[in-house]
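Q: Before we start, here is the structure in question, set down as structure tokens.
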Amino acid sequence: MFTLALAAAALSGALMAVQGTLNAGLGKVLGLLEAAFVVHVVGAVFGGGLLLAGLGQKGFNEALKAPWYTYLGGLLGMAIVFLVALAIGKAGAASATTAIIVGQVTTAVIIDLFGWLGVEKVPFSIYKPLGLILMAGGAWLLLYRPT
């Protein structure tokens, strides 16, 4: 099951790179904020269709039991779509995605370390900052442009 989860995560990352590139293209035509809005409307309509088709898991009966801060994901999603489209539009897909991944993993390590946002704490080890340093070095190599 762990391998399947990692495969799903890798596929998600690939889709994010494609989505960000599509959103940047839409942003050039509509404007970034307008594109972020349209992308969310299209996603909401698609998600609503899946729910109407009976593909949901639980329904909304337990909605009030979720911590209030978990609903901030919608705000963050809007910001993410906007910022990814901005970054890819200005820096290109590879450069922006590399920076996104470094920021994403660094933040994830901090969330795990402190057990924030309802996740289980993951103990600190020297390998985590070492991994971040190596990842940042790899990012630098990917972004390096010899003159």
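Ordering of the structure tokens sets the chain letters (A, B, ...), residue numbers begin anew at 1 in every chain, and ligands are numbered from 1 in the order given.
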Which residues of region 66-104 of chain A have any atom within 12 Å of an atom in region 36-53 of chain A when counting only C-alpha atoms, and what is the closest pair of atoms for each, with the distance in Å to one decimal? Order the rows by chain and rising number and write it as CSV.
A:
```
residue,atom,partner,partner_atom,distance
A:Gly74,CA,A:His40,CA,9.1
A:Leu75,CA,A:His40,CA,10.7
A:Leu76,CA,A:Ala36,CA,11.4
A:Gly77,CA,A:His40,CA,8.4
A:Met78,CA,A:Ala36,CA,6.1
A:Ala79,CA,A:Ala36,CA,8.1
A:Ile80,CA,A:Ala36,CA,8.7
A:Val81,CA,A:Ala36,CA,5.6
A:Phe82,CA,A:Ala36,CA,5.5
A:Leu83,CA,A:Ala36,CA,9.2
A:Val84,CA,A:Ala36,CA,9.8
A:Ala85,CA,A:Ala36,CA,8.3
A:Leu86,CA,A:Ala36,CA,10.4
```
Q: Write out as an mmCIF file with N, CA and C atoms, in the first residue's frame each polymer residue whose atoms come within 10 Å of region 103-110 of chain A, counting only C-alpha atoms; drop sequence neighbours fewer than 3 positions from it.
A:
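Result file follows (part_24.cif):
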```cif
data_model
loop_
_atom_site.group_PDB
_atom_site.id
_atom_site.type_symbol
_atom_site.label_atom_id
_atom_site.label_comp_id
_atom_site.auth_asym_id
_atom_site.auth_seq_id
_atom_site.Cartn_x
_atom_site.Cartn_y
_atom_site.Cartn_z
ATOM 1 N N THR A 97 8.856 24.578 -10.957
ATOM 2 C CA THR A 97 8.523 23.326 -10.291
ATOM 3 C C THR A 97 9.627 22.911 -9.326
ATOM 4 N N THR A 98 10.872 23.147 -9.692
ATOM 5 C CA THR A 98 11.985 22.838 -8.794
ATOM 6 C C THR A 98 11.873 23.653 -7.512
ATOM 7 N N ALA A 99 11.614 24.943 -7.638
ATOM 8 C CA ALA A 99 11.458 25.794 -6.453
ATOM 9 C C ALA A 99 10.244 25.374 -5.631
ATOM 10 N N ILE A 100 9.173 24.993 -6.309
ATOM 11 C CA ILE A 100 7.959 24.538 -5.615
ATOM 12 C C ILE A 100 8.269 23.305 -4.773
ATOM 13 N N LEU A 113 7.829 17.487 11.820
ATOM 14 C CA LEU A 113 8.665 17.631 13.011
ATOM 15 C C LEU A 113 7.851 18.083 14.223
ATOM 16 N N PHE A 114 6.971 19.063 14.009
ATOM 17 C CA PHE A 114 6.189 19.615 15.115
ATOM 18 C C PHE A 114 4.805 18.992 15.256
ATOM 19 N N GLY A 115 4.410 18.140 14.312
ATOM 20 C CA GLY A 115 3.091 17.524 14.380
ATOM 21 C C GLY A 115 1.973 18.534 14.180
ATOM 22 N N TRP A 116 2.216 19.518 13.349
ATOM 23 C CA TRP A 116 1.213 20.562 13.104
ATOM 24 C C TRP A 116 0.076 20.057 12.232
ATOM 25 N N LYS A 121 3.614 13.454 14.837
ATOM 26 C CA LYS A 121 4.998 13.926 14.844
ATOM 27 C C LYS A 121 5.922 12.863 14.277
ATOM 28 N N VAL A 122 6.876 13.324 13.481
ATOM 29 C CA VAL A 122 7.911 12.448 12.949
ATOM 30 C C VAL A 122 9.212 12.893 13.596
ATOM 31 N N PHE A 124 12.891 13.958 14.693
ATOM 32 C CA PHE A 124 13.987 14.612 13.978
ATOM 33 C C PHE A 124 15.148 13.642 13.844
ATOM 34 N N LYS A 128 17.259 14.371 7.809
ATOM 35 C CA LYS A 128 16.270 15.290 7.228
ATOM 36 C C LYS A 128 16.921 16.589 6.734
ATOM 37 N N PRO A 129 17.654 17.332 7.580
ATOM 38 C CA PRO A 129 18.300 18.531 7.033
ATOM 39 C C PRO A 129 19.345 18.198 5.977
ATOM 40 N N GLY A 131 19.136 15.741 3.842
ATOM 41 C CA GLY A 131 18.342 15.510 2.633
ATOM 42 C C GLY A 131 17.882 16.814 2.004
ATOM 43 N N LEU A 132 17.465 17.771 2.855
ATOM 44 C CA LEU A 132 17.045 19.076 2.329
ATOM 45 C C LEU A 132 18.204 19.802 1.655
ATOM 46 N N ILE A 133 19.387 19.724 2.271
ATOM 47 C CA ILE A 133 20.567 20.374 1.684
ATOM 48 C C ILE A 133 20.906 19.729 0.341
ATOM 49 N N MET A 135 18.851 18.110 -1.601
ATOM 50 C CA MET A 135 17.788 18.448 -2.537
ATOM 51 C C MET A 135 17.966 19.874 -3.062
ATOM 52 N N ALA A 136 18.306 20.805 -2.170
ATOM 53 C CA ALA A 136 18.532 22.184 -2.602
ATOM 54 C C ALA A 136 19.725 22.253 -3.550
#
```
Q: When you count only C-alpha atoms, which of these residues is closest to Gly137 (chain A): A:Leu30, A:Val102, A:Ala14, A:Leu117?
A: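 The shortest atom-to-atom distance to Gly137 (chain A) comes from A:Val102.
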Q: Applying 9 Å and only C-alpha atoms, which residues near Leu142 (chain A) remain after dropping the ones on its own chain fewer than 2 positions away? List them as a ChimeraX atom specification.
A: /A:94-95,98,137-140,144-145
Q: Using Å and a single decimal, report how far CA of Ala8 (chain A) sits from CA of Gln57 (chain A).
A: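 It comes out at 18.3 Å.
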Q: What are the DSSP alpha helix (DSSP H) residues of chain A, as a PyMOL selection string?
A: chain A and resi 2-30+32-52+73-91+93-114+127-143
Q: In Å, rounded to a single decimal, give me how far CA of Leu32 (chain A) is from CA of Gly89 (chain A).
A: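 Between these atoms lies a distance of 9.7 Å.
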Q: Rounded to one decimal in Å, what is the spacing between CA of Lys90 (chain A) and CA of Ser12 (chain A)?
A: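 CA of Ser12 (chain A) lies 22.6 Å from CA of Lys90 (chain A).
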Q: Using only C-alpha atoms for the distances, tell me which of A:Leu33, A:Leu143, A:Ala66, A:Leu11 is nearest to Ala93 (chain A).
A: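 Ranked by minimum distance to Ala93 (chain A), first place goes to A:Leu143.
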